[in-house]
Every structure is written in C-alpha cells, then in structure tokens.
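**Q** Sending over query-v1.txt (compact mmCIF, C-alpha atoms).
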# COMPACT_ATOMS: atom_id res chain seq x y z
CA MET A 1 18.53 38.91 10.29
CA PRO A 2 15.29 37.36 11.60
CA LYS A 3 14.07 34.05 10.28
CA ALA A 4 10.75 33.85 8.44
CA TYR A 5 7.95 31.32 8.61
CA TRP A 6 5.27 30.02 6.33
CA ILE A 7 2.20 29.25 8.37
CA ALA A 8 -0.40 27.25 6.51
CA GLN A 9 -3.81 26.07 7.56
CA VAL A 10 -5.21 23.44 5.24
CA THR A 11 -8.28 21.26 4.87
CA VAL A 12 -7.83 18.65 2.14
CA THR A 13 -10.96 18.10 0.06
CA ASP A 14 -9.55 15.79 -2.64
CA PRO A 15 -6.81 13.53 -1.22
CA ASP A 16 -5.87 12.03 -4.60
CA ARG A 17 -5.34 15.42 -6.18
CA TYR A 18 -3.54 16.70 -3.07
CA ALA A 19 -1.11 13.78 -3.39
CA GLY A 20 0.02 15.35 -6.67
CA TYR A 21 0.96 18.51 -4.79
CA GLN A 22 2.77 16.50 -2.13
CA ALA A 23 4.79 14.73 -4.83
CA VAL A 24 6.33 17.92 -6.24
CA ALA A 25 6.30 20.55 -3.47
CA PRO A 26 9.26 19.10 -1.50
CA ALA A 27 11.67 19.97 -4.33
CA ALA A 28 10.80 23.66 -4.01
CA PHE A 29 11.21 23.59 -0.24
CA GLN A 30 14.55 21.80 -0.47
CA LYS A 31 15.93 24.29 -3.02
CA HIS A 32 15.13 27.16 -0.64
CA GLY A 33 16.46 25.63 2.56
CA ALA A 34 13.07 25.15 4.21
CA ARG A 35 12.80 23.32 7.54
CA PHE A 36 9.46 21.88 8.61
CA LEU A 37 8.76 22.66 12.27
CA ALA A 38 5.19 21.34 12.32
CA ARG A 39 3.29 19.36 9.71
CA GLY A 40 -0.09 17.81 10.31
CA GLY A 41 0.46 16.77 13.91
CA ARG A 42 -2.03 16.92 16.76
CA THR A 43 -3.82 20.27 16.92
CA GLU A 44 -6.41 21.74 19.23
CA THR A 45 -8.22 24.84 18.00
CA VAL A 46 -8.83 27.09 20.98
CA GLU A 47 -10.05 30.18 19.07
CA GLY A 48 -11.18 30.94 15.52
CA LEU A 49 -11.85 28.71 12.56
CA GLN A 50 -10.91 25.06 12.68
CA TRP A 51 -8.64 23.67 9.98
CA ALA A 52 -7.78 20.00 9.56
CA ARG A 53 -4.03 20.47 9.07
CA HIS A 54 -1.43 23.02 10.19
CA VAL A 55 2.06 23.48 8.79
CA VAL A 56 4.92 25.70 9.99
CA ILE A 57 7.98 26.00 7.75
CA GLU A 58 11.11 27.95 8.74
CA PHE A 59 13.36 29.86 6.33
CA ASP A 60 16.56 31.78 7.04
CA SER A 61 14.99 35.09 5.91
CA MET A 62 11.81 36.71 4.63
CA GLU A 63 13.44 37.06 1.21
CA GLN A 64 14.15 33.31 1.10
CA ALA A 65 10.59 32.46 2.17
CA LEU A 66 9.07 34.73 -0.47
CA ALA A 67 11.47 33.47 -3.15
CA CYS A 68 10.33 29.92 -2.45
CA TYR A 69 6.64 30.84 -2.66
CA HIS A 70 7.10 32.69 -5.96
CA SER A 71 9.53 30.16 -7.49
CA ASP A 72 8.68 28.25 -10.65
CA ASP A 73 8.88 24.98 -8.71
CA TYR A 74 6.37 26.05 -6.09
CA THR A 75 4.10 27.67 -8.68
CA ALA A 76 3.90 24.27 -10.39
CA ALA A 77 3.11 22.63 -7.03
CA ARG A 78 0.36 25.18 -6.32
CA GLU A 79 -1.22 24.38 -9.67
CA ARG A 80 -1.45 20.72 -8.61
CA ARG A 81 -2.98 21.76 -5.29
CA ASP A 82 -5.69 23.83 -6.96
CA GLY A 83 -9.09 22.27 -6.26
CA ALA A 84 -7.60 19.75 -3.81
CA CYS A 85 -7.93 21.75 -0.61
CA GLU A 86 -9.00 24.90 1.15
CA ALA A 87 -5.93 26.75 2.41
CA GLN A 88 -4.81 29.89 4.15
CA ILE A 89 -1.09 30.58 3.94
CA PHE A 90 0.82 33.52 5.27
CA ILE A 91 4.50 34.33 5.60
CA THR A 92 5.68 36.14 8.71
CA GLU A 93 9.00 37.35 9.97
CA GLY A 94 10.22 36.05 13.31
CA THR A 95 11.91 38.01 16.06
CA ASP A 96 15.66 38.32 16.50
Would you mind writing the file out in structure tokens?

**A**
Amino acid sequence: MPKAYWIAQVTVTDPDRYAGYQAVAPAAFQKHGARFLARGGRTETVEGLQWARHVVIEFDSMEQALACYHSDDYTAARERRDGACEAQIFITEGTD
C-alpha cells in the first residue's frame, strides 16, 4: 500500500492567531501517525507562486491521511487557523 502525503503551502498573515492553530494541530497529527518530512525550512521557489512556508507530512496510507484531515481534532485546529494564513493543502498518494 503506498504512503500518502499532505503537502501544504502557507503564508502566515496573523502570527498570534496562527499560534493557536499550532497549539492544537499536533494532537491530530499524532493520533493519525503523521511524520513531518519538511516543515518551514529553507525553500527556493523555482516556478509558480511563492509561499512563505512549505510542509510535507507522511502518512501510512491515503485513508489515514484523509481521516486525519477530516477528524474532529483537525477540524478544531482548522477553525483556529481561519483568518491567520493563506494556505493551499493537498493530499497525494506516493508510489510503491
């Protein structure tokens, strides 16, 4: 079964409000076995739109990744993130 990845591109617009998201989101990720592969490190945009922050999170399966995103815990985290950033998040399946 291929692994799945959340890929998020984020530009924080309200750091104080975003801190509220950061305080609660880790619980959702931990419950679903998420592993952070990249989180806010050095980035160079070579094509397309530039985002301030990039995050790659690995899950054991697409089902696990989607379950995390739709979980009550992550829904509560997303509500705290609302208005704190611009974000584009997608979930993609890896290759075997």

**Q** Can you work out the spacing between CA of Gly20 in chain A and CA of Phe90 in chain A in Å, to one decimal?

**A**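 CA of Phe90 in chain A lies at a distance of 21.8 Å from CA of Gly20 in chain A.
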
**Q** For Thr11 in chain A, which residue among A:Gly48, A:Gly40, A:Tyr69, A:Ala76 is the nearest when counting only C-alpha atoms?

**A**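 Of A:Gly48, A:Gly40, A:Tyr69, A:Ala76, the one nearest Thr11 in chain A is A:Gly40, counting only C-alpha atoms.
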
**Q** Closest to Pro15 in chain A among A:Ile89, A:Ala38, A:Arg81, A:Thr95, using only C-alpha atoms?

**A**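 Smallest distance to Pro15 in chain A is found for A:Arg81.
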
**Q** One decimal, in Å: what's the spacing between CA of Val55 in chain A and CA of Gly41 in chain A?

**A** 8.6 Å

**Q** Which of these residues is nearest to Arg53 in chain A, using all atoms listed in the file: A:Arg17, A:Ala65, A:Gln88, A:Ala4?

**A** A:Gln88

**Q** Rank nothing, just name the residue among A:Ala52, A:Met1, A:Met62, A:Leu37 nearest to Ala87 in chain A, using all atoms listed in the file.

**A**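 Under the stated criterion, the closest residue is A:Ala52.
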
**Q** Report, in Å with one decimal, the straight-line distance from CA of Leu66 in chain A to CA of His54 in chain A.

**A**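 Atom-to-atom, CA of Leu66 in chain A and CA of His54 in chain A are spaced 19.0 Å apart.
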
**Q** Using only C-alpha atoms for the distances, tell me which of A:Thr92, A:Asp73, A:Glu79, A:Val12 is nearest to Ala28 in chain A.

**A**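 Of the candidates, the smallest distance to Ala28 in chain A is held by A:Asp73.
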
**Q** Between A:Gly83, A:Pro2, A:Arg78, A:Phe36, which has the minimum distance to Ala23 in chain A (counting all atoms listed in the file)?

**A**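 Smallest distance to Ala23 in chain A is found for A:Arg78.
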